[in-house]
Each structure stands twice: as C-alpha cells, then as structure tokens.
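Structure first, commentary second.
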Amino acid sequence: MASFVTEVLAQSGSLEKEDLGTRISRLTRRVEEIKGEVCNLISKKYSEFLPSMQNAQDLVTQVDKLSTDIDLLKSRIESEVRRDLHVSTAEFTDLKQQLERDSVVLNLLKQLQEFSTGIEDYNCALTEKKYISAAQHLEEAQKCLKLLKSRKCFDLKMLKSLSMELTIQKQNILYHLGEEWQKLIVWKFPPSKDTGSLESYLQTELHLCTEQPSEDKTVPRPPVSSILLAFSILGELHIKLKSFGQMLLKHILRPLASYSSIHVVIENQPNTVIIRFDSLMTDLEHPSPSKVFTEIQMVLEVLQKQLLDLPLDPDLESEKAPAIVLAEMLGDVIWEDLSECLIKNCLVYSIPTNSSKLQQYEEIIQSTEEFENALKEMKFLKGDTTDLLKYARNINSHFANKKCQDVIVTARNLMTSEIHNTVKITPDSKLSVPDLPSPDEDNKLKVSTIQYHEVNLEPKNTLDQHSFSLPTCRISESVKKLMELAYQTLLEATTSSDQCAVQLFYSVRNIFHLFHDVVPTYHKENLQKLPQLAAIHHNNCMYIAHHLLTLGHQFRLRIAPILCDGTATFVDLVPGFRRLGTECFLAQMRAQKGELLERLSSARSFSNMDDEENYSAATKAVRQVLHQLKRLGIVWQDVLPVNIYCKAMGTLLNTAISEIIGKITALEDISTEDGDRLYSLCKIVMDEGPQVFAPLSEERKNKKYQEEVPVYVAKWMSFKELMVILQANLQEIGDRWADGKGPLATAFSSSEVKALIRALFQNTERRAAALAKIK
C-alpha cells in the first residue's frame, strides 16, 4: 500500500518536490561545511603557514562530488519546472535560487582550489628553474585571484592574504630571473665615479655570457630564451629591455657617435663575448658617419646573435608562445635617442661648409641608407624612412642652415672683438675676395643688331677716378673682415641652389641688422669715453654704408632668379648706418664741447686780469683748452678722413673761441692792464690754435690745413678783430668800423662794439664822438 501511494505521489510530482527540497537543503548544509573547511585551510596555509596537503586533497575530492550532485539536481529541477510550471512555479523558483547560490559558493571554492594548485605548481617549477612554466602558473593564480575579487560576497581578509601571497611569489620569481639576467649580461665599469669621460669609456666593458661555465655544469642554467620569455609573461620584459637599452646607449652607442678617437672591439672568449673600446689616433675632431654606422652595426649584430635572436624553450613547443621580436622591442626603446644622438653628435658636423663639397655628401647619404636597411634586416627598425635618413637627405636645407648659422656666429664674434685694432683704407683699397663669376648667358643683356653711327659723347672735363671712393681713413680690422665675410657669403650664394641662395642672402642682411644692434650696445661704454673709438666707429659705419650702396648691384645678375626682381639690395640699410656713425661721433663731440666749456668756466669770466690770481686762473684755463684740443688732434690723426677731421677740430676750436669772445665782450670795465693781459691770452690762442689742425702724421703736409683755419673756425676772424680792439685807440676802431662796412662790422654788431668801447675807454668827448659813429 505504501509503495502504491509513493508511486501515485511520484506521478503527481509532490513527492519529487519534497525529495528535491530535502536534498537541496542537505547539499546547502554540506556546501557551507566544505566552505568553512576550505576557508580554514586557506587561512592556515597562507596566513598561519601550516602544512595540510592531505586535507586539501580530501577537500578537493569532496568538492568534485558535490559539484556532480549539484549538476544532477539542476537538470532535474529544470525538467520539473518545465513540466509542472503551472502547478508549482514559486516552489521550484525558490529551490533553483537556493541551488544557484550554492553553485556560486561552490564556484568560488573551485577558484580557491585552482589558486592553491597554481601556487603549488609554481613552486615546483621555480625549484626546477623552469621559469616559463612557473611564470605561467603564477599568471593562472593571478587570474583566479582576480575572479575572486570580482565576487563581492567573498571574505576580504582572506583576499588580502591571497594577494599578499601572490605579490611575494611574483617578487620571488623576479628576483631569481634578475639573478639569471645579471649572469648573462655583465657590465664592468672603471673604479672612478666620473663615467662620462673618454678615459672611463675606454675602461668600460660589456660581457655577454654565451654558454654555461664547465665548473657549474652540476647546476644546469636555464636558456636565455626562457628567462626573457618568463619576463614577458610577467609583463616585465619591456622594463628590463628599456633599462638595458639605456645602459647600452649611454656607455656604448653614444660614445661611438661622439668621439673620433675610439673604436669598438669584439672579443670572443670561451663562454663569453666582450664588447669594449680601444683608443685610436686621429686628427678628426668628430667621427665620420660611415665609421660610426659600421661600428654601431657591429655592436647590434653581436647583441642580435647572442641575446635577441634565440630559439624558444623546447618545453613550449606544444604551447602557444607569444610572438616576441626582442630586437624590435630594443629598437623601440633606443632608436629615438640613438638617432637624435647620431644627428647631433655626428651628422651635424659632417655637413659641408662649402657648396662645392655637397656632391661628396652623397656617400654619407648612401651609408645612412645602408645602415638603416641593415637595422631593418635585424628587425631593430620597422616601417619606412626614419628621421635619421630624412635628415641626411635634406642636406641642402641643412647646409644652408649651417652656413647661415656659421656666418652669423662669425659675424658676431667679429662685432664683439676689439675696435681699436685698425687698418688703413685708401681710395685704391680693395677687399680680398675672389673675382665674381661671369653672369650666365641667359642673363646677359641682349644687344641690338641695329647699326649706329659712332658719336663721341665723352665730356671735356672728366671726374677724378676716386670721386666716388671712400676717403683715406682707418677702420677696425674686424669690420674689414666683416665685409669680406659678406662678399664671400654672397659669392657662395651664386653657386648654391635657389633655396640656399635666398637663405644666404638674407643671412648677409641679418649680419648688418645685427651690427646695428650689437656694436653700439656691446661697446657702449668705450664709445662714450674714448674719442678715438668713437671716430673709428664712425668710419666703420661709413665704410659699411659705402659698400652697401653697390653690394646688391654687384650680385644682381649672378644670384638666384627669385632675388633678381629688385629684392637683392642693401641700399635701404645705408641711411641707418650713416645715422649710426654720425650720432655716435656727434655724441662724442658734445662730450668734448662740454669739457671745453667746463675748463673755460674756471677762467673767472676773464674779469679783473690785473689781479695775478685771476690772470693765472684764466691762463691755466686757456692752456688746458689748447692741450685738450691738441690731444684730440693726435688721437684723431690718421683716423678720421681729412675733411671730417678739420671740421671736427674747427667746430671744437670755434666753441672755445666763441666762449672767450662772449666772456670778454660781456665785461663792463677793462683797464689798460686788463686789456694787455686779455690780448696776451688771445695771442696764445691765436698762435697755438692752428697747431691743433694736424690730420696727417707727416708734419709738413699739415701746414696747408693750418693756414686754412678761417675756413673751419667760423669765429676766427672775429677773434682777430677782438685782439685788434683790445690794442687799438678810438680812431683805429672807427676806421675799422668804416660806417658799418669795415672788417670790424663784419665780426661784431654795433652794440657789441659800443660795449667794448665803453669798457675800454673812459667817458670823454672823444669816446662819445666815437660811439656816435658806430651805428
């Protein structure tokens, strides 16, 4: 009867549901029990570090059995839910949710099991120095831990213990791999701390271990490929290669590109290949690119053979090993810095300084191409042309840039050199530059074939051949060299490409702009204090302006066509240079004028000359003025052009004379003794004044200019008339006035003459009569 009831209930499904509920409850309890045991085991193993190998294996068996039971129950629940969904949906849903929660817990337990298994397998592989296998097991454990962390319901304390364990084990394998790496690659440096000198580079060595030493055969060494691949699996290979690449660049590759006196030596010894440097005697300041490319290629070939082109570990043949190109990884790390170093330390200095040598540079371009192709074959490089080859091929632009830079640097050095080192310039002087080439046939002016009658159009009176020449003077030697540099640069432009010619032309213009800004600023103090330098600077500016007038015209038919439309000119710079020289010299003239007036101010206005002290002070002032003028005359002698010299000295002497005339004519009372002494002072100026005109070093040639003093000194004749008045009587003064038509009337106004008469003569009828004649 009972079996019959059971069968009926089974047909109806109610007994089955009760049976499922009972079994799920039992499974849930069992899952919780196993979860507790697993957590306890994990805690003891990774927190308390207790041995529990047998317990772990028993738990694994129990977990597997529970997993099978859960799978069976899930299938039965699915079938029951589908069959009797309309009857007991709620009951089966609860049971299914309970079962899914148990499945999640069981899945976590499986991940814990896989984590523990991965760590155990990792330890075994690490002990046997199977680094690739150990790294893979460690990565599997990492994935398990990551999955456990994604479950929010898991115990955080246990996760912390597992994470710490994983970190410790990863650092452990990295330490062992680092030890192996240091045995494979050994750097040997000199004992000194200065690692950047040539001597230290000559003592630096790189040892690459190729085989295991015979004495260490008892402990087999893992192959290089397994070490590198283990680094890759752990994500540390790029960091390791980057560190090695930086060391290689600093101690091997950069010295090769920077020093011409070293070359690389490759020594093959038992079990080891040594890369080191040897000293080389050479006169070259910088290494040639071809030599540098060859030696760098030698170094990289050794690295490719011994380190970067090795077979994978045989144990991985059945696995899907990642496709790693070690040479490409190292190339990515060092190529940018290496190419920049090759450009700055090598290729830059190989750029020719003369356009005639540009054709020879093709060899360097070819060697650069061969170098890059060799690196691509070794897989150090990938892709198309790199910056290194682009730099080499763009030689025209680099030549122009370097030439322009050299020109500006040379020009600035000349501008900042001493001004007082001078050379003499005469109308026949010429710059020491090669003759300009003849213009091209296409640029020659076409002459009409029409016949004309010959007519002599030469004027009867021709100009002197030096009419438009610069007068004889002295200029700075540096300025003469500066103009030679400008001519040579423009001459270089006539044989260069259009782009280069334009750059060179504007570099020459920049030279003169630079002169305009640098020289007055750099030499400012000397130009203000030293009259000779002011005169030389004046000559320098006039010399440059003189050449700028025709500089562009001389090259008009020989320079690039793009500049032949009127832009190749320097005439616009001429006014600026003339103004620059004139302003500097006029500033010096104002300074000298101020000194003259200051000295004359100590003459006590030339009053009361009967007083010995006053007379002595006035005499001293006059002597000082003459001394200053004579000193200036000597300083400017043979420096300034004669006409500028005479005008300058005449202007300064005229300033002194005008001041003396003004002081004397302003006196209200001049006694006979005062008049005599004033005359004697004026006589000193009259006798010694012309002597300041000595523009030439040969004394006999200066007499001509000393006789022409009235031409350059506007007040000279007035000064002479003043001396006459100081010694004349009233009749003589009246005669020289001659009703306003005599020489005295030319020199002084009627009021000035009357004032002098009143100061010199007492108030008498004769004086009144004389004053009446002065109108």
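Identifiers for the structure tokens are assigned positionally: chains receive A, B, ... in sequence, residues are indexed from 1 per chain, and ligands are indexed from 1 in the order shown.
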When DSSP is applied to the backbone of this structure, which of region 639-754 of chain A are assigned helix (DSSP H, G or I)? Write them out as a PyMOL selection string.
chain A and resi 642-665+672-692+699-707+709-712+716-727+730-740+743-747+750-754
For the atom pair CA of Thr472 (chain A) and CA of Val685 (chain A), what is the interatomic distance in Å to one decimal place?
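Rounded to one decimal, the two atoms are 29.7 Å apart.
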Each residue of region 571-621 of chain A with at least one atom at most 9 Å from region 650-672 of chain A should appear once, together with its nearest atom pair and the corresponding distance in Å (one decimal); atoms considered: only C-alpha atoms; ordering: chain, then increasing residue number; output as a Markdown table.
| residue | atom | partner | partner_atom | distance |
| --- | --- | --- | --- | --- |
| A:Met589 | CA | A:Leu652 | CA | 7.7 |
| A:Gln592 | CA | A:Leu652 | CA | 7.6 |
| A:Lys593 | CA | A:Leu652 | CA | 6.2 |
| A:Leu596 | CA | A:Ala656 | CA | 6.5 |
| A:Leu597 | CA | A:Ala656 | CA | 7.0 |
| A:Leu600 | CA | A:Ala656 | CA | 7.7 |
| A:Ser605 | CA | A:Lys663 | CA | 5.6 |
| A:Phe606 | CA | A:Ile664 | CA | 6.5 |
| A:Ser607 | CA | A:Leu667 | CA | 6.8 |
| A:Asn608 | CA | A:Ile670 | CA | 7.6 |
| A:Met609 | CA | A:Ile670 | CA | 8.6 |
| A:Asp610 | CA | A:Ser671 | CA | 8.1 |
List the neighbours of Gln306 (chain A) out to 12 Å using only C-alpha atoms; skip same-chain residues closer than 2 positions along the sequence, and give me the result as JSON, numbers by chain.
{"A": [184, 185, 207, 208, 209, 210, 211, 223, 224, 225, 268, 271, 272, 273, 274, 275, 299, 300, 301, 302, 303, 304, 308, 309, 310, 311, 326, 327]}
Taking only region 292-433 of chain A into account, list the residues labelled strand (DSSP E or B) by DSSP (computed from the backbone), as a list in words.
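Listing strand (DSSP E or B) positions across region 292-433 of chain A yields Thr422, Val423, Lys424 and Ile425 of chain A.
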Nearest to Asn526 (chain A), chosen from A:His176, A:Ala768, A:Gln588, A:Glu267, with only C-alpha atoms counted in the distances:
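Distance minimum relative to Asn526 (chain A) lands on A:Gln588.
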Neighbour list for Asn643 (chain A) as a VMD selection string, cut-off 10 Å, only C-alpha atoms, skip fewer than 4 positions in-chain:
chain A and resid 471 647 to 648 695 705 712
So that I can see what lies close to Phe277 (chain A), please list as number ranges by chain the residues with an atom at most 7 Å from it, counting only C-alpha atoms and leaving out residues fewer than 6 positions away in the same chain.
A: 202, 262-265
Find the spatial neighbours of region 406-413 of chain A, counting only C-alpha atoms, within a cut-off of 10 Å - ignore same-chain residues fewer than 2 positions away - and output them as a compact mmCIF listing (two decimals) with N, CA, C and O atoms, in the first residue's frame.
# COMPACT_ATOMS: atom_id res chain seq x y z
N THR A 353 80.86 72.84 -45.37
CA THR A 353 80.79 74.29 -45.18
C THR A 353 80.89 75.04 -46.49
O THR A 353 80.81 76.25 -46.53
N ALA A 400 72.39 75.02 -45.89
CA ALA A 400 72.04 76.45 -45.83
C ALA A 400 71.92 76.91 -44.38
O ALA A 400 72.43 77.98 -44.02
N ASN A 401 71.26 76.10 -43.55
CA ASN A 401 71.09 76.48 -42.14
C ASN A 401 72.43 76.59 -41.43
O ASN A 401 72.68 77.53 -40.66
N LYS A 402 73.28 75.59 -41.68
CA LYS A 402 74.59 75.59 -41.01
C LYS A 402 75.44 76.75 -41.50
O LYS A 402 76.11 77.43 -40.70
N LYS A 403 75.42 76.96 -42.83
CA LYS A 403 76.21 78.05 -43.38
C LYS A 403 75.75 79.38 -42.80
O LYS A 403 76.57 80.22 -42.40
N CYS A 404 74.42 79.57 -42.75
CA CYS A 404 73.88 80.82 -42.21
C CYS A 404 74.23 80.96 -40.73
O CYS A 404 74.59 82.06 -40.26
N MET A 415 82.09 91.36 -34.40
CA MET A 415 81.49 92.57 -33.83
C MET A 415 81.88 92.78 -32.37
O MET A 415 81.95 93.93 -31.91
N THR A 416 82.09 91.69 -31.66
CA THR A 416 82.43 91.82 -30.24
C THR A 416 83.94 91.83 -30.00
O THR A 416 84.38 91.84 -28.85
N SER A 417 84.73 91.82 -31.09
CA SER A 417 86.18 91.92 -30.92
C SER A 417 86.57 93.39 -30.74
O SER A 417 85.75 94.30 -30.85
N SER A 478 88.30 94.21 -37.76
CA SER A 478 87.16 93.30 -37.69
C SER A 478 86.07 93.69 -38.68
O SER A 478 85.40 92.83 -39.26
N VAL A 479 85.88 94.99 -38.91
CA VAL A 479 84.86 95.44 -39.86
C VAL A 479 85.27 95.12 -41.29
O VAL A 479 84.43 94.75 -42.12
N LYS A 481 87.05 92.55 -42.11
CA LYS A 481 86.79 91.11 -42.22
C LYS A 481 85.28 90.84 -42.34
O LYS A 481 84.86 89.90 -43.01
N LEU A 482 84.49 91.68 -41.67
CA LEU A 482 83.04 91.51 -41.74
C LEU A 482 82.53 91.73 -43.17
O LEU A 482 81.68 90.97 -43.65
N MET A 483 83.04 92.75 -43.82
CA MET A 483 82.63 92.98 -45.21
C MET A 483 83.13 91.88 -46.13
O MET A 483 82.43 91.46 -47.06
N LEU A 485 83.48 88.82 -45.24
CA LEU A 485 82.56 87.72 -44.96
C LEU A 485 81.27 87.88 -45.75
O LEU A 485 80.73 86.91 -46.30
N ALA A 486 80.75 89.12 -45.80
CA ALA A 486 79.52 89.37 -46.55
C ALA A 486 79.70 89.07 -48.03
O ALA A 486 78.86 88.42 -48.66
N GLN A 488 81.98 87.09 -49.42
CA GLN A 488 82.20 85.65 -49.62
C GLN A 488 80.90 84.87 -49.50
O GLN A 488 80.67 83.91 -50.24
N THR A 489 80.04 85.28 -48.58
CA THR A 489 78.76 84.59 -48.42
C THR A 489 77.88 84.79 -49.65
O THR A 489 77.24 83.85 -50.14
N LEU A 504 71.11 82.46 -47.73
CA LEU A 504 72.41 83.11 -47.57
C LEU A 504 72.30 84.62 -47.77
O LEU A 504 72.93 85.41 -47.06
N SER A 507 70.85 86.07 -44.76
CA SER A 507 71.83 85.99 -43.66
C SER A 507 72.78 87.18 -43.72
O SER A 507 73.17 87.73 -42.68
N VAL A 508 73.17 87.57 -44.95
CA VAL A 508 74.04 88.74 -45.09
C VAL A 508 73.31 89.99 -44.61
O VAL A 508 73.88 90.84 -43.90
N ASN A 510 71.04 90.00 -42.38
CA ASN A 510 70.98 89.85 -40.92
C ASN A 510 72.29 90.25 -40.26
O ASN A 510 72.30 90.71 -39.11
N ILE A 511 73.42 90.05 -40.97
CA ILE A 511 74.71 90.48 -40.43
C ILE A 511 74.67 91.98 -40.11
O ILE A 511 75.07 92.44 -39.04
N PHE A 512 74.16 92.76 -41.07
CA PHE A 512 74.16 94.21 -40.90
C PHE A 512 73.11 94.66 -39.89
O PHE A 512 73.33 95.63 -39.15
N LEU A 514 72.36 92.88 -37.34
CA LEU A 514 73.00 92.50 -36.08
C LEU A 514 74.04 93.54 -35.68
O LEU A 514 74.15 93.91 -34.50
N PHE A 515 74.82 94.01 -36.65
CA PHE A 515 75.82 95.05 -36.36
C PHE A 515 75.15 96.29 -35.78
O PHE A 515 75.63 96.87 -34.81
N VAL A 518 74.15 95.18 -32.12
CA VAL A 518 75.15 94.65 -31.18
C VAL A 518 76.24 95.66 -30.85
O VAL A 518 76.55 95.91 -29.68
N VAL A 519 76.86 96.24 -31.89
CA VAL A 519 78.06 97.06 -31.67
C VAL A 519 77.79 98.26 -30.75
O VAL A 519 78.52 98.48 -29.78
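Proximity ranking of A:Arg474, A:Lys188, A:Lys250, A:Lys344 relative to Val635 (chain A) places A:Arg474 first, based on only C-alpha atoms.
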Rounded to one decimal in Å, what is the spacing between CA of Glu285 (chain A) and CA of Leu198 (chain A)?
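Interatomic distance here is 13.5 Å.
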